[in-house]
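Student: One structure coming up, written as structure tokens, with questions to follow.
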There are 2 protein chains.
Amino acid sequence: MLKRIHGWGVVIVIMTAFAVWAIGQTAPPAPNGIVMPAGWENWSAISVTSRTDNNTMRVILGNETAIKAARGGHANPWPDGAILAKVAWKTTQLEAWPAANVPGDFVQVEFMLKDAKKWPDTGGWGFARWKGKDFAPYGKDAQFAMECFGCHTPMKSSDYVFTRPPMFP
Amino acid sequence: MLKRIHGWGVVIVIMTAFAVWAIGQTAPPAPNGIVMPAGWENWSAISVTSRTDNNTMRVILGNETAIKAARGGHANPWPDGAILAKVAWKTTQLEAWPAANVPGDFVQVEFMLKDAKKWPDTGGWGFARWKGKDFAPYGKDAQFAMECFGCHTPMKSSDYVFTRPPMFP
């Protein structure tokens with residue numbers, strides 16, 4: 001009897017641990033149905049940017065399709081299947097070297113998913129943003145993407161993407 | 001006879017193409033013997049930095065050992081086998097958004113390789129730097145690493161590394 005209870009206890013502990021892990025890993029989908037791409041944290045880098053108007057610094061990552069396009073010079077337009085991820089942190093100064101800007105608090109991670117047929121109203125791009133450490137999806141409903149697209153419209157000549165891939169040897 | 005010449009011609013073309021490719025891929029070793037780590041271009045990202053004193057912006061990448069240490073909170077000290085790569089570009093402004101800093105010309109790629117036994121004189125780190133698009137090794141002789149180490153010495157409390165891994169979800 002004790003052995004049987006002990007066995008169930010182990011199962012419950014494992015299931016609970018798995019549930020905690022799964023919740024920690026999975027962000028809710030964006031209001032337009034976009035699910036956070038799996039494994040983006042390990043994607044290769046395309047570029048870096050910083051903004052003095054909102055005091056953030058960012059790294060732009062890409063899935064395999066995006067990396068191949070960026071480094072092969074085929075990123076205007078970006079091919080269907082390309083996904084860009086932009087990770088942003090607050091800009092802070094390194095105490096030991098005040099001329100050095102380094103990341104502070106995590107702000108958000110944003111994605112652009114290229115699929116010309118799926119997202120014809122927003123330049124062929126699906127937009128999604130998750131804010132803060134708890135990955136809160138941005139936007140009240142699917143219309144939030146029009147706000148993203150509005151900001152990206154001045155970049156129409158570079159396929160609505162601000163990032164121009166620099167030389168990445 | 002013609003067939004035999006044609007056959008040798010094909011071999012020569014293939015060998016020449018391979019030689020051109022190999023030269024293009026391989027940078028000369030650093031003066032302390034460090035060879036540029038293979039495949040670093042596809043390593044995952046750890047952080048970004050920018051410096052206003054020399055007008056550069058950078059992405060810091062890590063090999064698997066470094067990424068595991070950085071994201072697992074085990075990066076002080078960094079484990080033996082960890083390699084950090086810092087890719088630097090000149091900072092420029094995006095015309096369409098002047099408050100945005102974006103990469104201009106490629107400046108250099110630098111590496112720190114942790115091996116406490118191999119590099120006891122420089123905090124357990126091997127240093128290497130390749131400058132410009134032709135990957136010119138930095139330093140006249142192996143003593144160049146003392147210059148690197150001198151600059152990194154103020155960061156002794158963080159294992160001689162300027163980069164403090166930010167939250168990377």
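Naming scheme: A, B, ... for chains in displayed order of the structure tokens; residues 1 onward per chain; ligands 1 onward as shown.
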Which residues of chain A are close to chain B, meaning at most 6 Å apart when you count only C-alpha atoms, and how do they look as a list in words?
Tutor: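 So the residues of chain A near chain B are Asn42, Trp43, Ser44, Thr49, Ser50, Arg51, Thr52, Asp53, Ala99, Ala100, Asn101 and Val102 of chain A.
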Student: Filtering to C-alpha atoms, could you give me those residues as a short mmCIF file (atom, residue, chain, number, x, y, z; two decimals), in the first residue's frame?
Tutor:
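Just written: out-v7.cif:
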data_model
loop_
_atom_site.label_atom_id
_atom_site.label_comp_id
_atom_site.auth_asym_id
_atom_site.auth_seq_id
_atom_site.Cartn_x
_atom_site.Cartn_y
_atom_site.Cartn_z
CA ASN A 42 18.44 30.00 -30.42
CA TRP A 43 18.08 31.53 -33.89
CA SER A 44 21.14 33.15 -35.45
CA THR A 49 19.69 48.34 -33.41
CA SER A 50 19.19 50.90 -30.68
CA ARG A 51 16.68 53.71 -30.34
CA THR A 52 17.35 56.92 -28.50
CA ASP A 53 13.68 57.96 -28.64
CA ALA A 99 30.46 55.18 -22.77
CA ALA A 100 29.18 51.61 -23.14
CA ASN A 101 25.43 51.02 -23.49
CA VAL A 102 24.30 47.61 -22.27
#
Student: So which bits of chain B end up strand (DSSP E or B) when you DSSP the backbone, as a ChimeraX atom specification?
Tutor: /B:44-51,56-62,83-94,97-114,125-131,136-137
Student: Pro29 in chain B: which residues within 12 Å, counting only C-alpha atoms, same-chain residues fewer than 3 positions away excluded, as a ChimeraX atom specification?
Tutor: /B:26,32-37,127-130,135-139,141-142
Student: As a ChimeraX atom specification, please: all residues of range 18-86 of chain A that backbone DSSP puts in helix (DSSP H, G or I).
Tutor: /A:18-25,40-42,64-72
Student: Can you spit out the residues from that selection as a PDB file, in the first residue's frame, using N, CA and C atoms?
Tutor:
ATOM      1  N   PHE A  18       6.151  19.075 -14.968  1.00  0.00           N
ATOM      2  CA  PHE A  18       5.966  19.269 -16.412  1.00  0.00           C
ATOM      3  C   PHE A  18       5.016  20.440 -16.683  1.00  0.00           C
ATOM      4  N   ALA A  19       3.928  20.515 -15.897  1.00  0.00           N
ATOM      5  CA  ALA A  19       2.949  21.593 -16.098  1.00  0.00           C
ATOM      6  C   ALA A  19       3.600  22.951 -15.849  1.00  0.00           C
ATOM      7  N   VAL A  20       4.390  23.046 -14.781  1.00  0.00           N
ATOM      8  CA  VAL A  20       5.077  24.302 -14.460  1.00  0.00           C
ATOM      9  C   VAL A  20       6.020  24.676 -15.600  1.00  0.00           C
ATOM     10  N   TRP A  21       6.749  23.673 -16.100  1.00  0.00           N
ATOM     11  CA  TRP A  21       7.678  23.905 -17.211  1.00  0.00           C
ATOM     12  C   TRP A  21       6.907  24.373 -18.452  1.00  0.00           C
ATOM     13  N   ALA A  22       5.780  23.682 -18.771  1.00  0.00           N
ATOM     14  CA  ALA A  22       5.025  23.995 -19.983  1.00  0.00           C
ATOM     15  C   ALA A  22       4.455  25.412 -19.923  1.00  0.00           C
ATOM     16  N   ILE A  23       3.939  25.799 -18.741  1.00  0.00           N
ATOM     17  CA  ILE A  23       3.388  27.151 -18.594  1.00  0.00           C
ATOM     18  C   ILE A  23       4.501  28.181 -18.774  1.00  0.00           C
ATOM     19  N   GLY A  24       5.653  27.866 -18.202  1.00  0.00           N
ATOM     20  CA  GLY A  24       6.783  28.784 -18.302  1.00  0.00           C
ATOM     21  C   GLY A  24       7.257  28.968 -19.736  1.00  0.00           C
ATOM     22  N   GLN A  25       7.099  27.928 -20.544  1.00  0.00           N
ATOM     23  CA  GLN A  25       7.610  27.970 -21.907  1.00  0.00           C
ATOM     24  C   GLN A  25       6.633  28.590 -22.898  1.00  0.00           C
ATOM     25  N   TRP A  40      12.878  30.151 -31.036  1.00  0.00           N
ATOM     26  CA  TRP A  40      13.450  31.402 -31.581  1.00  0.00           C
ATOM     27  C   TRP A  40      14.645  31.892 -30.752  1.00  0.00           C
ATOM     28  N   GLU A  41      14.694  31.539 -29.493  1.00  0.00           N
ATOM     29  CA  GLU A  41      15.775  32.019 -28.629  1.00  0.00           C
ATOM     30  C   GLU A  41      17.152  31.596 -29.154  1.00  0.00           C
ATOM     31  N   ASN A  42      17.160  30.513 -29.932  1.00  0.00           N
ATOM     32  CA  ASN A  42      18.442  30.002 -30.421  1.00  0.00           C
ATOM     33  C   ASN A  42      18.717  30.346 -31.878  1.00  0.00           C
ATOM     34  N   GLU A  64      15.839  29.946 -40.143  1.00  0.00           N
ATOM     35  CA  GLU A  64      16.787  29.520 -41.180  1.00  0.00           C
ATOM     36  C   GLU A  64      16.521  30.188 -42.520  1.00  0.00           C
ATOM     37  N   THR A  65      15.232  30.300 -42.882  1.00  0.00           N
ATOM     38  CA  THR A  65      14.878  30.931 -44.162  1.00  0.00           C
ATOM     39  C   THR A  65      15.327  32.393 -44.176  1.00  0.00           C
ATOM     40  N   ALA A  66      15.114  33.082 -43.077  1.00  0.00           N
ATOM     41  CA  ALA A  66      15.489  34.499 -42.994  1.00  0.00           C
ATOM     42  C   ALA A  66      17.010  34.674 -43.017  1.00  0.00           C
ATOM     43  N   ILE A  67      17.735  33.829 -42.296  1.00  0.00           N
ATOM     44  CA  ILE A  67      19.198  33.930 -42.247  1.00  0.00           C
ATOM     45  C   ILE A  67      19.783  33.700 -43.640  1.00  0.00           C
ATOM     46  N   LYS A  68      19.260  32.684 -44.320  1.00  0.00           N
ATOM     47  CA  LYS A  68      19.749  32.368 -45.668  1.00  0.00           C
ATOM     48  C   LYS A  68      19.500  33.562 -46.597  1.00  0.00           C
ATOM     49  N   ALA A  69      18.336  34.170 -46.496  1.00  0.00           N
ATOM     50  CA  ALA A  69      18.000  35.320 -47.337  1.00  0.00           C
ATOM     51  C   ALA A  69      18.887  36.518 -47.006  1.00  0.00           C
ATOM     52  N   ALA A  70      19.061  36.782 -45.694  1.00  0.00           N
ATOM     53  CA  ALA A  70      19.828  37.956 -45.261  1.00  0.00           C
ATOM     54  C   ALA A  70      21.289  37.856 -45.695  1.00  0.00           C
ATOM     55  N   ARG A  71      21.874  36.691 -45.503  1.00  0.00           N
ATOM     56  CA  ARG A  71      23.304  36.548 -45.781  1.00  0.00           C
ATOM     57  C   ARG A  71      23.584  36.254 -47.251  1.00  0.00           C
ATOM     58  N   GLY A  72      22.540  35.857 -47.981  1.00  0.00           N
ATOM     59  CA  GLY A  72      22.714  35.603 -49.403  1.00  0.00           C
ATOM     60  C   GLY A  72      22.340  36.803 -50.251  1.00  0.00           C
TER      61      GLY A  72
END
Student: Any idea what the distance is between CA of Gly150 in chain B and CA of Ile83 in chain B?
Tutor: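 CA of Ile83 in chain B lies at a distance of 19.2 Å from CA of Gly150 in chain B.
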Student: Can you list, as number ranges by chain, every protein, DNA or RNA residue that comes within 8 Å of Leu113 in chain A when you count only C-alpha atoms, leaving out same-chain residues fewer than 5 positions away?
Tutor: A: 81-84, 125-127
Student: Please write the residues from the selection above to a file, keeping N, CA and C atoms, as an mmCIF file, in the first residue's frame.
Tutor:
data_model
loop_
_atom_site.group_PDB
_atom_site.id
_atom_site.type_symbol
_atom_site.label_atom_id
_atom_site.label_comp_id
_atom_site.auth_asym_id
_atom_site.auth_seq_id
_atom_site.Cartn_x
_atom_site.Cartn_y
_atom_site.Cartn_z
ATOM 1 N N GLY A 81 8.010 32.422 -45.616
ATOM 2 C CA GLY A 81 8.577 31.484 -44.644
ATOM 3 C C GLY A 81 9.619 32.139 -43.762
ATOM 4 N N ALA A 82 10.104 33.312 -44.181
ATOM 5 C CA ALA A 82 11.086 34.024 -43.345
ATOM 6 C C ALA A 82 10.392 34.559 -42.090
ATOM 7 N N ILE A 83 11.046 34.420 -40.965
ATOM 8 C CA ILE A 83 10.545 34.998 -39.705
ATOM 9 C C ILE A 83 11.672 35.789 -39.061
ATOM 10 N N LEU A 84 11.356 37.036 -38.687
ATOM 11 C CA LEU A 84 12.307 37.891 -37.975
ATOM 12 C C LEU A 84 11.837 38.048 -36.538
ATOM 13 N N TRP A 125 3.107 40.492 -44.357
ATOM 14 C CA TRP A 125 3.735 40.171 -43.064
ATOM 15 C C TRP A 125 2.683 39.976 -41.973
ATOM 16 N N GLY A 126 2.861 38.942 -41.176
ATOM 17 C CA GLY A 126 2.102 38.785 -39.948
ATOM 18 C C GLY A 126 2.914 39.376 -38.811
ATOM 19 N N PHE A 127 2.267 40.190 -37.977
ATOM 20 C CA PHE A 127 2.957 40.861 -36.873
ATOM 21 C C PHE A 127 2.512 40.274 -35.531
#
Student: My list of candidates is B:Gln143, B:Asp121, B:Phe149, B:Lys114. Which is closest to Asn76 in chain B when distances are computed with only C-alpha atoms?
Tutor: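 Using only C-alpha atoms, Asn76 in chain B sits closest to B:Lys114.
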Student: Could you give me, as a list in words, the residues within 9 Å of His152 in chain B, counting only C-alpha atoms and dropping anything in the same chain fewer than 5 positions from it?
Tutor: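 Counting only C-alpha atoms, the residues come to Glu147, Tyr160, Val161 and Phe162 of chain B.
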